[in-house]
Amino acid sequence: MFCSQGFLLPILSLLLLLVLHPHRTKLFDQTDMSDIQPANDALDFNLSDDADDAGPQDEALVDEGQHDTPFDVAEVPRQLAMGDPHAQVNIHLALYPTQGPADDEYVHLFNIHRMKHISLRALRHLHDNQRAMSAITLLSKRHQLRLDNEDRVDVMANPNLVPRLAPHYLDYTLYVGSRHGLDAALPNVDIDHNWTAKLQLSMANRFWPDNAINSLPFDPKGRMMYIGTRLDDQMWIAMVPNKFFDLQDPENTREKLPVLTHKHPVVEPKHARTMVMFIAHVLADMRFEDIHCIRPYPEPLTWDTIRDSTEILGHFGQGNRTINLRLTDLWCLHQGFLNHWHPWVAAAPQSWKVDGFLTQNAPVSITLRYGQNQPLLLGRNADLERHNWDRDRKYAHICQVSFSLATHISYLNVNGWSAIDRALIQRANPVIYDKPDDDPTREQVDLADLPLVDEDGFEINVYNPDGFCIPRQKPTGFETCGALLDLKKVHELFQGTEDAHGHVQNEVPFTVYPLAFTRDLGNVKVTGLMPTFACRVMQLNAAIHEDDRAARHNVDDDDPMIPNRHSPALLGISSQIYNSLSHRVHTEAKFHVVQLGMVTSAFAGASAKSATGKCHWERQVKFCEQGMPHVRFSQKVSGDGQPQTLRFENTYILDISRMRPDLRTGSMIYDWVICPLLKMWSHPSILAPIKDVLVAFQPNIIPELFKCVTYPITALIDLIWGKHVEDLKAGKMLDPCMIEFVSMLEHMLNYTHTGNAAVLCKKLMDRAWLSLGLIQDGWPVELATHRPLTSSKRCQELTYGQDHYKIYEARFAVRLAVDNVPDHAYVNVTDPPLRVACYIANIALKVYFDNVKQLVYNKVMECLNPTMDANDPVLKRTTRNRYMALSRWMDEARLLSYTPGILSNLLHAVAVPDAGNFQLTPSVLGQKPVSFLAESILTAITLATGHCKPPFISGGNFYHVVCVTVEEMKSIARRAGVKCQDEKRLLVDAFCHVFESLKVNHVPWPGNPQRTIGRPSTATIHDIWLNLGAKGPASSITSTTFSQNHSVGLLALRASEDIQASDARGDWSALDIRLLTFDSILHKVNMPTEWKLSYLSAEQAPPYVTDAYHFVRNKYDGLKPLHQLATLCAVVCTGLIPSIFPPEKISYPSRKVQYEAYIRDLDWVTRKNRKGTTAAEPFITMVIGFIISLYKPDSPISHQIRDGSDLKLWWAKHTKWNIDIHPLPSSMIREKHAEVVRLLKTGGRYGGFDAVRYLIGTKAADILNEKHYVYAHTLPPSLLQQPSSSKRGHDEVDDGEEALCTSTQGSSDLRRVSCRLDY
């Protein structure tokens, strides 16, 4: 396949598997998605109060409509714009034979893959003879396109090939008024019975085009409002700062004028409503038709109250009225703007003016037109053109004009010449030179003495005094040859002057866009003008600039207070150079159909169920059936007479206020600005460098180029369409891999026509060049999440809605999950089907998290929006703090956990403190286990109204996604041999594992029942939460020393900590608790947060060791005596390090009964050069794992002991002595546990010290006291000694827990657990 460097990429293996033999390559079964109901497939825009803050939304969000912005050679449809595109600069770098290092293997493989060349002639042969399979076969190798001499023409060797600079076009205009009113829309005539304008105030929220933003003399953010049309021009109102009207104000520059904080140019809805009422007021004062204002200033100001107050938006609830204005009506409306604005603002209620928008700004008119492509300089019609420019506008109150002028440059292959009469030439040019005006050696010549052509047949050029070439012969017959830019040489057009070191840098930045997979031929977009052209524009500026402006104002010409004294009247702001074929196929539509990804849209829309989405999908399928997009394009560019010239288009800004007063009319602007700018292209200083970078082609070659080089791709699309169209019409959901494959092909087609790297999905399409990445390694996925990379996201979202794509992505991800579960995902789940089910459930719950975020955000913002701009600083600050807390909460990955930082932000944002207490209102259901939530989900999806049941959220898409995931989980269970009666248990277990992993401690729930008539609502709301653990007490924290903001934040933090601490499943840290308040976590059922499998070096450990720690992780229950004692011992161990060893030289007691006292009395010492004795966290994992593994009879370690397996590595890492030791029976474990718990709970601040002294010994307790792990008694040690308990004999072994243990008399061998895990 052709790539950004002009190559065919080898994907034939993928083709053979996915297309030719689909039955061999199904990564998963096709499933009918007819039961899925995607929500919000399309949004209709209307002026309702529910949409007050929304931008304009069309029925179809894809870019398939008419032009709505000036033509941009590099623009791509929104549905094909990628989130991770290639940088366009990479395209520029690829023009030159330099190759950087390849960081990725697939890039390296691509670079070393052998490249072949293929000619355009060979591709044309395949295309013309419809040899589809042969063309598709080309996709298996890297190919570079070769253009032979027969395709081009040599302009340097043929005197009959001459450049032509015509026709010329006006393609874009923007007028800005200079005072209140509608000056930009008014013509320079008072009466014209053919002249009309239309007001369409229902479209007030229409977007201002992004590429027209820099053409304005002010920052448009929050200022632009669409009001209708004037002939074919759009009419806009801009609310500009009052300083804009004072030309002498030094702040009146774009850089210094105030900037609003709005995100986009469209006015805020509340400001749009005020402007609608002002226009209604003026029309009512004009007595225009039936428009009247019952209430001039309705409050509250909403679209509904506007409809109740005036008919300007429509009658009887209608909201799309179009008001037709005659020319006289528009003049009256303009006069009303002038006369009524200030009195109307002064009389407006204070609530309308509180933000200063009305008082600090005033309306000026702006008109905008693009895509007109109106021809200019039409020979004998110059007088009529001049007259039309005069009639079009009255420039007395125009601030500036922006416009685009385009000139076509091509080569003519002349068949015959006719000499022009020498007398006519001399009469039109009394003085003739032999060289242009920029050559100081030029001399006058006499045509009578000068031959017409030289010895090679080339015309001998002569020039007029301005340096322009004077033609001496004219063609009698010719063919037009197309042209493209040579992108390797195009930098020569933008070079500056040579510096002192002989270096030449580009003076103007430019971007290249290669076309038709040629790599080095295509279009250019420039952020300025060609330097040679800019020099001519400067000369033109000198002729039109107002020289005596300072004298007229009686001020010093160098006075810095006069803004922009020496700014030019005419400024070139941008340019683009492209083949006119691109413009021709865009004449009416914004993009031609082959650019829109319509096949992808048709393939992906089979599951759309909403009326809008279904209708759009049916239109897409029908459109493709009647004619594939690439076939339609091919037909459009076939045949003789296709435009193939190179179009040079410059955009300018003309500041009328800086022009000479005598030139401020339409006819003068035409004569002094428009015509000179168009004629400049023929000046030798500009034309000569252009000729050097042009590549001329034989007639009709350029259309053939686009058709033939894409034929391998279009043939493949045709093949795929033919094999799947019947399934598609039957409503079957196609294989997502197939959809993504077609999407990549259509993205590449778009790249063929635009050269814009924004359509190339970097992560996916870089890998898709070779079969290795798609077949042997599976579909490319995100490394972090292992979710499938897609290129169709924008296409599906904009065509059918975000919900549709999320369902699609979920199904795609679920079906790939079997082969792509990340190694780090749910490693504690050892059952393979359950592990895959967990990963699938995790995908669905991420969507649920998004739904919860949206629910909470929407409801909280409803409360905060009215007070965002409050005058009360305390209220405003409180609102902002709640908003910041909401933002922080939404950024969290585990936002439904009781982690203090997360929960405190949620409390701060949602809950209103009551007497200093923060609480989320609990559900009347009380505390529920996580299995209740899992079962609620599984039950709801079986009901017809399940989407209305908790925990599903209205407007969310979790319901649709979880339906897909549950079906796939059931399919996995069946394939794994799980019995039908056990399916639900597996599903519940999977969801519960994910809830644990994501720390789901509570979820929003429906409101609590009230004593009202009727059935209680089942709609999930944001301020009722179902607790999935024990409910904690309310916080009693108050603060009088902190500021209000800090106090509120502290209350929320402390309240969240209390809830977290009291919840049995809430996270807790052993190193934070230590033993000072160990009694506060005795109710915890989960491990401390320091317990992590990452401390286990799995690659070095034998399988039984890894299995042992996974076993402990799955079986841990903090309420069991043994598990609680193991956890306490682990905490003690972290406090003792690095003093974790016994003395090196010790003598053992001779009698076993002496061992306990002996061990309790040993010193705890540090040993030098022993690794792993400084970090505390690994000991939490190691000690807990060691003790539980030895005591549990079904643990992997116990199995190894019973089987007599070799456990040397286990003992070497976990104990010092290789001797047999005996476990404590369950009764003694319970006895010791009961005593430890009693000491912790009754000992107050000394409980931890007493518990350690009882269980391990006084010396260990003293070390922990020194390290602030416990508080020691102040009494002498002799008064604190108590005899240890020894109530069991050595032969007492509990049958239920027959295994090795840590001590014969207690747990004193903790020091054996002395090395961190190194596996």
# chains A, B, ... in the order shown; residues from 1 in each chain; ligands from 1

$ residues_around --residues "Gln130 (chain A)" --least-positions-apart "5" --cutoff "12 Å" --atoms "only C-alpha atoms" --output "VMD selection string"
chain A and resid 123 to 125 135 to 136 708 711 to 712 714 to 715 718

$ write_last_selection --atoms "N, CA and C atoms" --output "PDB file, in the first residue's frame"
ATOM      1  N   LEU A 123       0.465   0.945 -14.002  1.00  0.00           N
ATOM      2  CA  LEU A 123      -0.744   1.106 -13.200  1.00  0.00           C
ATOM      3  C   LEU A 123      -1.940   1.463 -14.072  1.00  0.00           C
ATOM      4  N   ARG A 124      -1.707   2.271 -15.101  1.00  0.00           N
ATOM      5  CA  ARG A 124      -2.798   2.636 -15.999  1.00  0.00           C
ATOM      6  C   ARG A 124      -3.289   1.406 -16.755  1.00  0.00           C
ATOM      7  N   HIS A 125      -2.357   0.533 -17.107  1.00  0.00           N
ATOM      8  CA  HIS A 125      -2.744  -0.696 -17.804  1.00  0.00           C
ATOM      9  C   HIS A 125      -3.629  -1.561 -16.912  1.00  0.00           C
ATOM     10  N   ALA A 135      -3.639  -5.899  -9.429  1.00  0.00           N
ATOM     11  CA  ALA A 135      -3.367  -4.645  -8.727  1.00  0.00           C
ATOM     12  C   ALA A 135      -3.268  -4.872  -7.234  1.00  0.00           C
ATOM     13  N   ILE A 136      -4.169  -5.706  -6.700  1.00  0.00           N
ATOM     14  CA  ILE A 136      -4.144  -5.971  -5.253  1.00  0.00           C
ATOM     15  C   ILE A 136      -2.855  -6.675  -4.867  1.00  0.00           C
ATOM     16  N   CYS A 708      -5.208   6.074 -11.246  1.00  0.00           N
ATOM     17  CA  CYS A 708      -4.449   4.838 -11.437  1.00  0.00           C
ATOM     18  C   CYS A 708      -3.622   4.441 -10.222  1.00  0.00           C
ATOM     19  N   TYR A 711      -5.626   2.641  -7.661  1.00  0.00           N
ATOM     20  CA  TYR A 711      -6.395   1.481  -8.108  1.00  0.00           C
ATOM     21  C   TYR A 711      -6.162   0.238  -7.257  1.00  0.00           C
ATOM     22  N   PRO A 712      -4.938  -0.086  -6.833  1.00  0.00           N
ATOM     23  CA  PRO A 712      -4.791  -1.259  -5.949  1.00  0.00           C
ATOM     24  C   PRO A 712      -5.644  -1.149  -4.679  1.00  0.00           C
ATOM     25  N   THR A 714      -8.445   0.888  -4.256  1.00  0.00           N
ATOM     26  CA  THR A 714      -9.871   0.907  -4.570  1.00  0.00           C
ATOM     27  C   THR A 714     -10.356  -0.464  -5.029  1.00  0.00           C
ATOM     28  N   ALA A 715      -9.490  -1.220  -5.700  1.00  0.00           N
ATOM     29  CA  ALA A 715      -9.874  -2.575  -6.096  1.00  0.00           C
ATOM     30  C   ALA A 715     -10.081  -3.451  -4.865  1.00  0.00           C
ATOM     31  N   ASP A 718     -13.381  -2.487  -3.299  1.00  0.00           N
ATOM     32  CA  ASP A 718     -14.468  -3.090  -4.072  1.00  0.00           C
ATOM     33  C   ASP A 718     -14.642  -4.565  -3.746  1.00  0.00           C
TER      34      ASP A 718
END

$ residues_around --residues "Trp889 (chain A)" --least-positions-apart "5" --cutoff "8 Å" --atoms "only C-alpha atoms" --output "PyMOL selection string"
chain A and resi 895+902-903+905-906

$ write_last_selection --atoms "all heavy atoms" --output "short mmCIF file (atom, residue, chain, number, x, y, z; two decimals), in the first residue's frame"
data_model
loop_
_atom_site.label_atom_id
_atom_site.label_comp_id
_atom_site.auth_asym_id
_atom_site.auth_seq_id
_atom_site.Cartn_x
_atom_site.Cartn_y
_atom_site.Cartn_z
N LEU A 895 -12.30 6.55 40.97
CA LEU A 895 -13.07 7.62 41.57
C LEU A 895 -14.20 7.14 42.47
O LEU A 895 -14.85 7.95 43.12
CB LEU A 895 -13.65 8.52 40.46
CG LEU A 895 -14.38 7.86 39.30
CD1 LEU A 895 -15.85 7.69 39.60
CD2 LEU A 895 -14.21 8.67 38.04
N ILE A 902 -9.43 10.98 47.14
CA ILE A 902 -10.52 10.87 46.16
C ILE A 902 -11.85 11.19 46.81
O ILE A 902 -12.63 12.00 46.31
CB ILE A 902 -10.53 9.46 45.54
CG1 ILE A 902 -9.21 9.18 44.82
CG2 ILE A 902 -11.72 9.29 44.61
CD1 ILE A 902 -9.09 7.77 44.28
N LEU A 903 -12.12 10.55 47.94
CA LEU A 903 -13.41 10.72 48.59
C LEU A 903 -13.59 12.14 49.10
O LEU A 903 -14.69 12.71 49.04
CB LEU A 903 -13.55 9.72 49.74
CG LEU A 903 -14.89 9.71 50.47
CD1 LEU A 903 -16.02 9.45 49.49
CD2 LEU A 903 -14.88 8.66 51.57
N ASN A 905 -12.48 14.89 47.81
CA ASN A 905 -12.86 15.75 46.69
C ASN A 905 -14.31 15.56 46.29
O ASN A 905 -15.02 16.53 45.98
CB ASN A 905 -11.94 15.47 45.49
CG ASN A 905 -10.56 16.06 45.66
OD1 ASN A 905 -10.41 17.14 46.22
ND2 ASN A 905 -9.55 15.36 45.19
N LEU A 906 -14.78 14.30 46.31
CA LEU A 906 -16.19 14.05 46.00
C LEU A 906 -17.10 14.68 47.04
O LEU A 906 -18.11 15.32 46.71
CB LEU A 906 -16.44 12.54 45.92
CG LEU A 906 -17.88 12.11 45.65
CD1 LEU A 906 -18.37 12.63 44.30
CD2 LEU A 906 -18.02 10.59 45.71
#

$ closest_residue --among "A:Ile1059, A:Val821, A:Leu330, A:Leu170" --to "Gln372 (chain A)" --atoms "only C-alpha atoms"
A:Leu170

$ atom_distance --atom1 "CA of Met156 (chain A)" --atom2 "CA of Asp439 (chain A)"
22.4 Å

$ closest_residue --among "A:Val259, A:Met275, A:Val964, A:Ile656" --to "Ile237 (chain A)" --atoms "only C-alpha atoms"
A:Met275
